[in-house]
There are 6 protein chains.
Amino acid sequence: MAESFLLQEIAKRGLSEDLIYGDRTTEKLFPRPIPALGDLIAKEELVVAGLDLFQTVFELLDPSFRFEIAIGQGTVAAPGTTIGRLAGDGRALLKGERVALNFLQHLCGVATLTRLFVQKVAGTKAKIVDTRKTLPGLRILEKEAVLLGGGYNHRFHLGDLILIKDNHIALAHGIVNAVNATRATLSHPLKIEVEVETFDQVKQAIASGAEIIMLDNMSIPEIKRAVALIRKKRPQIEIEASGGVHLENVAAIAKCGVDMISVGSLTHSAKASDISLDISHHGAT
Amino acid sequence: MAESFLLQEIAKRGLSEDLIYGDRTTEKLFPRPIPALGDLIAKEELVVAGLDLFQTVFELLDPSFRFEIAIGQGTVAAPGTTIGRLAGDGRALLKGERVALNFLQHLCGVATLTRLFVQKVAGTKAKIVDTRKTLPGLRILEKEAVLLGGGYNHRFHLGDLILIKDNHIALAHGIVNAVNATRATLSHPLKIEVEVETFDQVKQAIASGAEIIMLDNMSIPEIKRAVALIRKKRPQIEIEASGGVHLENVAAIAKCGVDMISVGSLTHSAKASDISLDISHHGAT
Amino acid sequence: MAESFLLQEIAKRGLSEDLIYGDRTTEKLFPRPIPALGDLIAKEELVVAGLDLFQTVFELLDPSFRFEIAIGQGTVAAPGTTIGRLAGDGRALLKGERVALNFLQHLCGVATLTRLFVQKVAGTKAKIVDTRKTLPGLRILEKEAVLLGGGYNHRFHLGDLILIKDNHIALAHGIVNAVNATRATLSHPLKIEVEVETFDQVKQAIASGAEIIMLDNMSIPEIKRAVALIRKKRPQIEIEASGGVHLENVAAIAKCGVDMISVGSLTHSAKASDISLDISHHGAT
Amino acid sequence: MAESFLLQEIAKRGLSEDLIYGDRTTEKLFPRPIPALGDLIAKEELVVAGLDLFQTVFELLDPSFRFEIAIGQGTVAAPGTTIGRLAGDGRALLKGERVALNFLQHLCGVATLTRLFVQKVAGTKAKIVDTRKTLPGLRILEKEAVLLGGGYNHRFHLGDLILIKDNHIALAHGIVNAVNATRATLSHPLKIEVEVETFDQVKQAIASGAEIIMLDNMSIPEIKRAVALIRKKRPQIEIEASGGVHLENVAAIAKCGVDMISVGSLTHSAKASDISLDISHHGAT
Amino acid sequence: MAESFLLQEIAKRGLSEDLIYGDRTTEKLFPRPIPALGDLIAKEELVVAGLDLFQTVFELLDPSFRFEIAIGQGTVAAPGTTIGRLAGDGRALLKGERVALNFLQHLCGVATLTRLFVQKVAGTKAKIVDTRKTLPGLRILEKEAVLLGGGYNHRFHLGDLILIKDNHIALAHGIVNAVNATRATLSHPLKIEVEVETFDQVKQAIASGAEIIMLDNMSIPEIKRAVALIRKKRPQIEIEASGGVHLENVAAIAKCGVDMISVGSLTHSAKASDISLDISHHGAT
Amino acid sequence: MAESFLLQEIAKRGLSEDLIYGDRTTEKLFPRPIPALGDLIAKEELVVAGLDLFQTVFELLDPSFRFEIAIGQGTVAAPGTTIGRLAGDGRALLKGERVALNFLQHLCGVATLTRLFVQKVAGTKAKIVDTRKTLPGLRILEKEAVLLGGGYNHRFHLGDLILIKDNHIALAHGIVNAVNATRATLSHPLKIEVEVETFDQVKQAIASGAEIIMLDNMSIPEIKRAVALIRKKRPQIEIEASGGVHLENVAAIAKCGVDMISVGSLTHSAKASDISLDISHHGAT
């Protein structure tokens, strides 16, 4: 969860892009404050996420803003329902509308896409997890949206998990050596995960003592065979499937018995949720 | 185009998310530099964009990096082709890989989606234009990617065009009054655009003297009728169609004779292009 | 207009220069809060500008500050009149006084000088417009001060108008080619302006289809001749006069029939307005 | 003197105002680098200042820039002389021209105005000193320009001198008490200066033991009388005259025998020096 | 004293290190606010410092926090006494605890160590002064803690005192020449201090006219001899002893009659004071 | 390990404190570059750490600096040995000396103190680990210094380990419930650690399934008893001892059979190592 001082920094970054030289339409039209309401309406089914950042945008423009939330974070909003209502100076509503919606629509989009994946694997033990394939500057927010959609977080940065990937292995000398090299001076909070692409590498990874094995870009039969071997040899190992996962194949992968499936598109390719902000005179409602 | 000092700032923002506490895998595996190559491969057809930012990421990690571009910005890369090759310390390749690809895949995604829309309207005079529905912190980059995909840019911020939208009209007193109010003290570089949703509003917008009229969320017949009236009354007015545009309906809209069609999804919902960075020992190739 | 989060950033930049290591005089003299008033007095005739930034400086030092404005932005204050009154901890008054006055005196100076130019061209249709010859870091504020003085804003940055200047023409191949090159992929919100120095260039600029022509450093007879030709050939072109404009010659230029006159000195050479902040014990008044 | 990392920060602030969304004229006109020269010409007599910042602007845009200085900092340039020559990509010249000149013209303006004051007091022992009436964000640069013009620096911030001013005295209980209060826990590097407005305050200031006395807004006879008393009672006290100083009265003040005269207009009201950057094809010269 | 906008910047720097990706323990344990109290307890004798920064940390996390101070800045707290009590959301207490205590324990440590040195020189006229051997980013705070412990501040930065040190002398030509070179264009607020290491240098420093002489790394007899000479030749010179000062030898140095003794360890080697924050349910007390 | 762009940011923070208004001594003494050498000498036995940051400070002041390292990071330097030699403009040496040494002496101090603790537990399996009791803004650097001294890193921030501490338990309902609550939606890279203070809590922690148990502030017999129980019940649990650890008792704690001992003083109370930078003319050596 991003603390308010971080949310403010992110919101300012967005606002600066739009307001660096003012909102010349709004300023010319409305020289004085106009009491106004803004109704936030879901135009399609979506999972609500990003409300704290949405609110922060308007508070930066006018500290006296009030935001009444009708549907909380993590809830599914049906098309047409009101997510919340803003009340304040209509000029701040007009100035902040686009930036606030850009954040909100993207984060709801991530949460909503996550939920679709989660629904596909219902009934299996597989968790849907995110990746570091996030949009730069938005990682903590996107990862929170994944949680709100029912997913789980993979590592946040290059410092909170040892993850030996294909490119590491390409430059090192074998999986077992690589795991040993990292374990030598390892911090106790860190686990070790190894990415494997072949059955032979699966065997090496088991032998290496890694706590987690990521099966990367394997076919369904390959995944099944790998899972069977790992469960037999070292059942405490957590198994992650990764690579080329989409809504059509995720259920089949889940049924192979993996513990989790990581999906890059949750964060790098979620389409924006359709949400509108309907502004009206305060007296008019 | 973003100057190098701005690219560095954006690249640092991405790198900070990943390297705030170092890359503990790479640091433990490779205590010394390893000469390495990184081949950047398009895994699907895409329009190349974002190479300057991609390169900046690695230069920040190791100023001695070299990046040889094989396929320039704005070019279509066929699946399997090499976009470029990095040469430098393999540790910097491993540390920067994810952040650099996150930028590159997103920006190629925007350019590639733009090209799809542009192709759909080929043979008409309609231009495909972007919106301010950009991902916060990435606006200038996404707008450049739109250009590389063959699109055009709408305004960049709230200060470089007077654009009187539905929510302005809701709080003001009629389109004509609104246009007059903004024109009174208008800077000469600024044009005035009005967003209209009904045929009645089209008539008001023509009467107002606005240079540009945006037809928002109209049906094909409505667009045709509006275009006909505008062309008859004040042919120098530029006409923009907007709202609910997708790959399936964009050609039909273009054929109505509008000058441009703005598409929010170019920037808010482009899926990441599939691109890989294959790292190998420098001696190995 | 600069939003409050931008004003705070600018105010902090000024305060940091003064308070990086505290106000060692005030801290030693007054270990405890002292209720105090600060009367802001115009010591000469001036146009009021910059009050929001002035207020922001003190709010950053003490959020409980109150500022009662007696004479609003854009109003002419006669010598000796009170612009406003601050009430709060006298220590914050002493700490913020210089920084707040530095901003205020400069911005009032810009507005006041603008008004002098505007008065000189009264009765003509010529607008007084500013330039990008602003003091770095203060552009949005100085441009707002120009508006408050009755002037108009030219472009804000290198992205909101195509302006082909002498140095562009020196490196390109003729005005017509230059205009064509920029128009090819032009964003619809952008106009094209061309700077010309000779009568021959005026003809080229008319032929090029530019929306605005800037007559740079021409003599009064040259301006008249250029205006006559432009009005005859393409009356919708806006005409700007520029270069070497001062209070003595601006009226003569205006009478040539140009639409606007740009004046660099409004922002780069305005003298600070004379304003004092008279601080007294709160109980003392 | 501002170190290069500080100059870069200041230059970026200026460049950001202009290039936040690119230079759309230059980018469209010149898709490829153009070797170019830029000659920096003094259009009026001026004292050179700000060359390091001027150069920094272009280096940020193109690290391969070369800048050959013909007339060094602090030198008087006659009208028409070349201050220096830039060589590099003409596009960077066009992009950086305005920002670099804005800095340069302002700082040369400060140095040049300072020199005028210094010339007026030639033959007396009075030094011309600056104040904290600087333009926010530019203090260190303006103070260096004052040195280059032959002036001296007063304090830089509220922490490097105890200066008890009229507003401090208004809130405290007498000059002697104020000086004693600050001296009690005084850091040894700090001197104490007292601002006085009446002859009675002069006597108190002498009695207080302050190292420096500032005579504020006194008439010439008052200054003479104050100087005579101070020299008689405590000759080691340094005497500063301040308030309402301009080119017409500075010589008379200097002849009163004060040690220094502080002049706010040096920094808050200097007009920009007239300097042009003439750009040409590299091959063309 | 650091103003609140500077304290916020420093507090954010600390909080960012801890909360860049949230507090995942607290967030999972407590989905809703928990009214809580936090008692700040001195676990050993210490001088209180840093309370304003401590409070700022929690206010950034939750603006509704209340902090009741029981023992003010600069006071000695006996082991076991309560310094103050926080009341607010227990989640913010848990999130901010470590960062706030890190600041507080360090600053109390500096103040407490300073007091030990001050007590050792009681009865002499020697002041204990700090140095620029501060921890980067914390200088103004550490220098304030020194004041709270009864010490005095030496210069804050390289611009508020001329201090000619051993390495300057190594590169220049003699002490007298060096002093003359700096005095030529000296700002009147600046004093000149010279560091000397030998008796011969003491003589040069006296001759140079420096206002302050620093005796660096001299033995007790050498200090005595130097003090005697200085007092005889130019009694108004302030004398500083420096180098290798610790709690065991500071009294002996003080008794040599120096005016002040500078101690680097006050800031670079103070051990953190032992302080705990005991958190409990609000209803529980 | 901190990447160069992060080191530059940290170095600038330190340099800004010193050079915000220039180095007025050095600038006045040396108007032109002076080729100089700087020998970095260990004045006492120490473990070398922080050389990359030390070097960064000088490179920011003069990019042409060369730094030749004689004794690498993590090595023990005997008193009097040369750690490295700088060559460049003597003015940059003088300007950067204090800031660079402040960083270096602190980080060597941390590494050196760590080594002392590591030596005390030699022959046991206990690792010495750091804490989050770091000096704000320096965490990544201090944690790297701990590694160089032979220690291990505990978590870096509040997001890379679930650590349920005394204050969490005070606000929650029992250890087992707390662990269950955090495990419910746990990210797979995260382990769970529980802090316990009593033998009863040890039993709860074992039952909870936590991967790591921290024995806080227990006596030697209590630690032994707790270790025995844990080893018997769930041998795979890692055991950390914490609280009140110092050089005198650390060996005894290690002999209890714990896996690691965390020591706050490594980072919050390390004294600065004694290191000098001896500057000389380049020609002089």
# chains A, B, ... in the order shown; residues from 1 in each chain; ligands from 1

$ residues_around --residues "E:Gly80" --least-positions-apart "2" --cutoff "10 Å" --atoms "only C-alpha atoms" --output "MDAnalysis selection string"
chainID E and resid 40:45 77:78 82:83 275:276

$ write_last_selection --atoms "N, CA, C and O atoms" --output "PDB file, in the first residue's frame"
ATOM      1  N   LEU E  40       6.898   7.315  24.588  1.00  0.00           N
ATOM      2  CA  LEU E  40       8.297   7.453  24.221  1.00  0.00           C
ATOM      3  C   LEU E  40       9.105   7.490  25.518  1.00  0.00           C
ATOM      4  O   LEU E  40       8.996   8.443  26.286  1.00  0.00           O
ATOM      5  N   ILE E  41       9.906   6.463  25.747  1.00  0.00           N
ATOM      6  CA  ILE E  41      10.564   6.306  27.044  1.00  0.00           C
ATOM      7  C   ILE E  41      12.087   6.371  26.906  1.00  0.00           C
ATOM      8  O   ILE E  41      12.668   5.654  26.086  1.00  0.00           O
ATOM      9  N   ALA E  42      12.710   7.230  27.686  1.00  0.00           N
ATOM     10  CA  ALA E  42      14.175   7.252  27.745  1.00  0.00           C
ATOM     11  C   ALA E  42      14.645   6.039  28.538  1.00  0.00           C
ATOM     12  O   ALA E  42      14.223   5.845  29.677  1.00  0.00           O
ATOM     13  N   LYS E  43      15.506   5.226  27.922  1.00  0.00           N
ATOM     14  CA  LYS E  43      15.991   4.031  28.636  1.00  0.00           C
ATOM     15  C   LYS E  43      17.337   4.291  29.297  1.00  0.00           C
ATOM     16  O   LYS E  43      17.896   3.402  29.939  1.00  0.00           O
ATOM     17  N   GLU E  44      17.878   5.463  29.084  1.00  0.00           N
ATOM     18  CA  GLU E  44      19.123   5.858  29.740  1.00  0.00           C
ATOM     19  C   GLU E  44      19.097   7.382  29.840  1.00  0.00           C
ATOM     20  O   GLU E  44      18.258   8.026  29.231  1.00  0.00           O
ATOM     21  N   GLU E  45      19.994   7.964  30.590  1.00  0.00           N
ATOM     22  CA  GLU E  45      20.031   9.418  30.699  1.00  0.00           C
ATOM     23  C   GLU E  45      20.418  10.023  29.362  1.00  0.00           C
ATOM     24  O   GLU E  45      21.361   9.566  28.718  1.00  0.00           O
ATOM     25  N   ALA E  77      16.732  13.980  30.261  1.00  0.00           N
ATOM     26  CA  ALA E  77      15.731  12.997  30.681  1.00  0.00           C
ATOM     27  C   ALA E  77      16.426  11.890  31.459  1.00  0.00           C
ATOM     28  O   ALA E  77      17.407  11.314  30.990  1.00  0.00           O
ATOM     29  N   ALA E  78      15.912  11.611  32.643  1.00  0.00           N
ATOM     30  CA  ALA E  78      16.472  10.517  33.438  1.00  0.00           C
ATOM     31  C   ALA E  78      15.995   9.181  32.879  1.00  0.00           C
ATOM     32  O   ALA E  78      14.954   9.118  32.211  1.00  0.00           O
ATOM     33  N   THR E  82       9.214   9.426  30.736  1.00  0.00           N
ATOM     34  CA  THR E  82       8.471   9.523  29.485  1.00  0.00           C
ATOM     35  C   THR E  82       8.789  10.860  28.819  1.00  0.00           C
ATOM     36  O   THR E  82       8.588  11.918  29.422  1.00  0.00           O
ATOM     37  N   ILE E  83       9.254  10.797  27.587  1.00  0.00           N
ATOM     38  CA  ILE E  83       9.575  12.029  26.853  1.00  0.00           C
ATOM     39  C   ILE E  83       8.305  12.633  26.247  1.00  0.00           C
ATOM     40  O   ILE E  83       8.135  13.834  26.197  1.00  0.00           O
ATOM     41  N   ILE E 275      16.202   4.622  23.419  1.00  0.00           N
ATOM     42  CA  ILE E 275      14.839   5.140  23.591  1.00  0.00           C
ATOM     43  C   ILE E 275      13.875   4.103  23.036  1.00  0.00           C
ATOM     44  O   ILE E 275      14.143   3.511  21.994  1.00  0.00           O
ATOM     45  N   SER E 276      12.767   3.887  23.710  1.00  0.00           N
ATOM     46  CA  SER E 276      11.799   2.934  23.161  1.00  0.00           C
ATOM     47  C   SER E 276      10.440   3.605  22.966  1.00  0.00           C
ATOM     48  O   SER E 276      10.123   4.614  23.601  1.00  0.00           O
TER      49      SER E 276
END

$ select_by_dssp --residues "stretch 49-284 of chain C" --states "alpha helix (DSSP H)" --output "PyMOL selection string"
chain C and resi 51-61+90-120+139-148+166-171+175-183+199-208+220-233+250-254+265-268

$ closest_atom_pairs --of "chain E" --to "chain B" --cutoff "10 Å" --atoms "only C-alpha atoms" --output "CSV"
residue,atom,partner,partner_atom,distance
E:Glu17,CA,B:Ile20,CA,8.6
E:Ile20,CA,B:Glu17,CA,8.6
E:Tyr21,CA,B:Glu17,CA,9.2

$ residues_around --residues "F:Ile206" --least-positions-apart "2" --cutoff "9 Å" --atoms "only C-alpha atoms" --output "list in words"
Gln201, Val202, Lys203, Gln204, Ser208, Gly209, Ala210, Glu211, Ile213, Leu229, Ile230, Lys233, Arg234 and Ile237 of chain F

$ write_last_selection --atoms "C-alpha atoms" --output "CSV table (one decimal), in the first residue's frame"
chain,number,residue,atom,x,y,z
F,201,GLN,CA,5.7,-16.9,23.3
F,202,VAL,CA,8.5,-19.2,22.0
F,203,LYS,CA,6.0,-22.1,22.2
F,204,GLN,CA,3.3,-20.1,20.4
F,208,SER,CA,2.4,-20.8,14.4
F,209,GLY,CA,4.5,-22.2,11.7
F,210,ALA,CA,6.8,-19.1,11.4
F,211,GLU,CA,10.0,-19.8,9.4
F,213,ILE,CA,12.0,-16.8,15.4
F,229,LEU,CA,12.9,-26.4,22.4
F,230,ILE,CA,12.9,-25.0,18.9
F,233,LYS,CA,10.2,-29.3,17.9
F,234,ARG,CA,10.9,-27.8,14.4
F,237,ILE,CA,13.3,-22.9,12.0

$ select_by_dssp --residues "stretch 43-174 of chain F" --states "strand (DSSP E)" --output "VMD selection string"
chain F and resid 46 to 47 66 to 69 76 to 77 82 to 89 127 to 129 162 to 164

$ residues_around --residues "A:Gly72" --least-positions-apart "6" --cutoff "9 Å" --atoms "only C-alpha atoms" --output "PyMOL selection string"
chain A and resi 48-49+51+83-84

$ write_last_selection --atoms "N, CA, C and O atoms" --output "short mmCIF file (atom, residue, chain, number, x, y, z; two decimals), in the first residue's frame"
data_model
loop_
_atom_site.label_atom_id
_atom_site.label_comp_id
_atom_site.auth_asym_id
_atom_site.auth_seq_id
_atom_site.Cartn_x
_atom_site.Cartn_y
_atom_site.Cartn_z
N VAL A 48 -12.94 -2.40 -8.46
CA VAL A 48 -12.51 -1.06 -8.04
C VAL A 48 -11.10 -1.09 -7.43
O VAL A 48 -10.82 -1.89 -6.54
N ALA A 49 -10.25 -0.20 -7.92
CA ALA A 49 -8.88 -0.05 -7.40
C ALA A 49 -8.43 1.37 -7.67
O ALA A 49 -8.91 2.01 -8.60
N LEU A 51 -8.70 4.11 -5.71
CA LEU A 51 -9.51 5.23 -5.21
C LEU A 51 -8.70 6.22 -4.38
O LEU A 51 -8.96 7.42 -4.40
N ILE A 83 -19.54 4.64 -8.32
CA ILE A 83 -18.43 4.24 -7.46
C ILE A 83 -18.28 5.21 -6.31
O ILE A 83 -17.96 4.83 -5.18
N GLY A 84 -18.49 6.49 -6.59
CA GLY A 84 -18.36 7.48 -5.53
C GLY A 84 -18.77 8.84 -6.04
O GLY A 84 -19.10 9.01 -7.21
#

$ residues_around --residues "A:Asp23" --least-positions-apart "6" --cutoff "12 Å" --atoms "only C-alpha atoms" --output "JSON, numbers by chain"
{"A": [15, 16, 17, 29, 30, 31, 61, 91, 92, 93, 94, 95, 96, 97, 98], "B": [156, 157, 158, 159, 160, 161, 162, 163, 164, 168, 182], "C": [1, 2, 3, 140]}
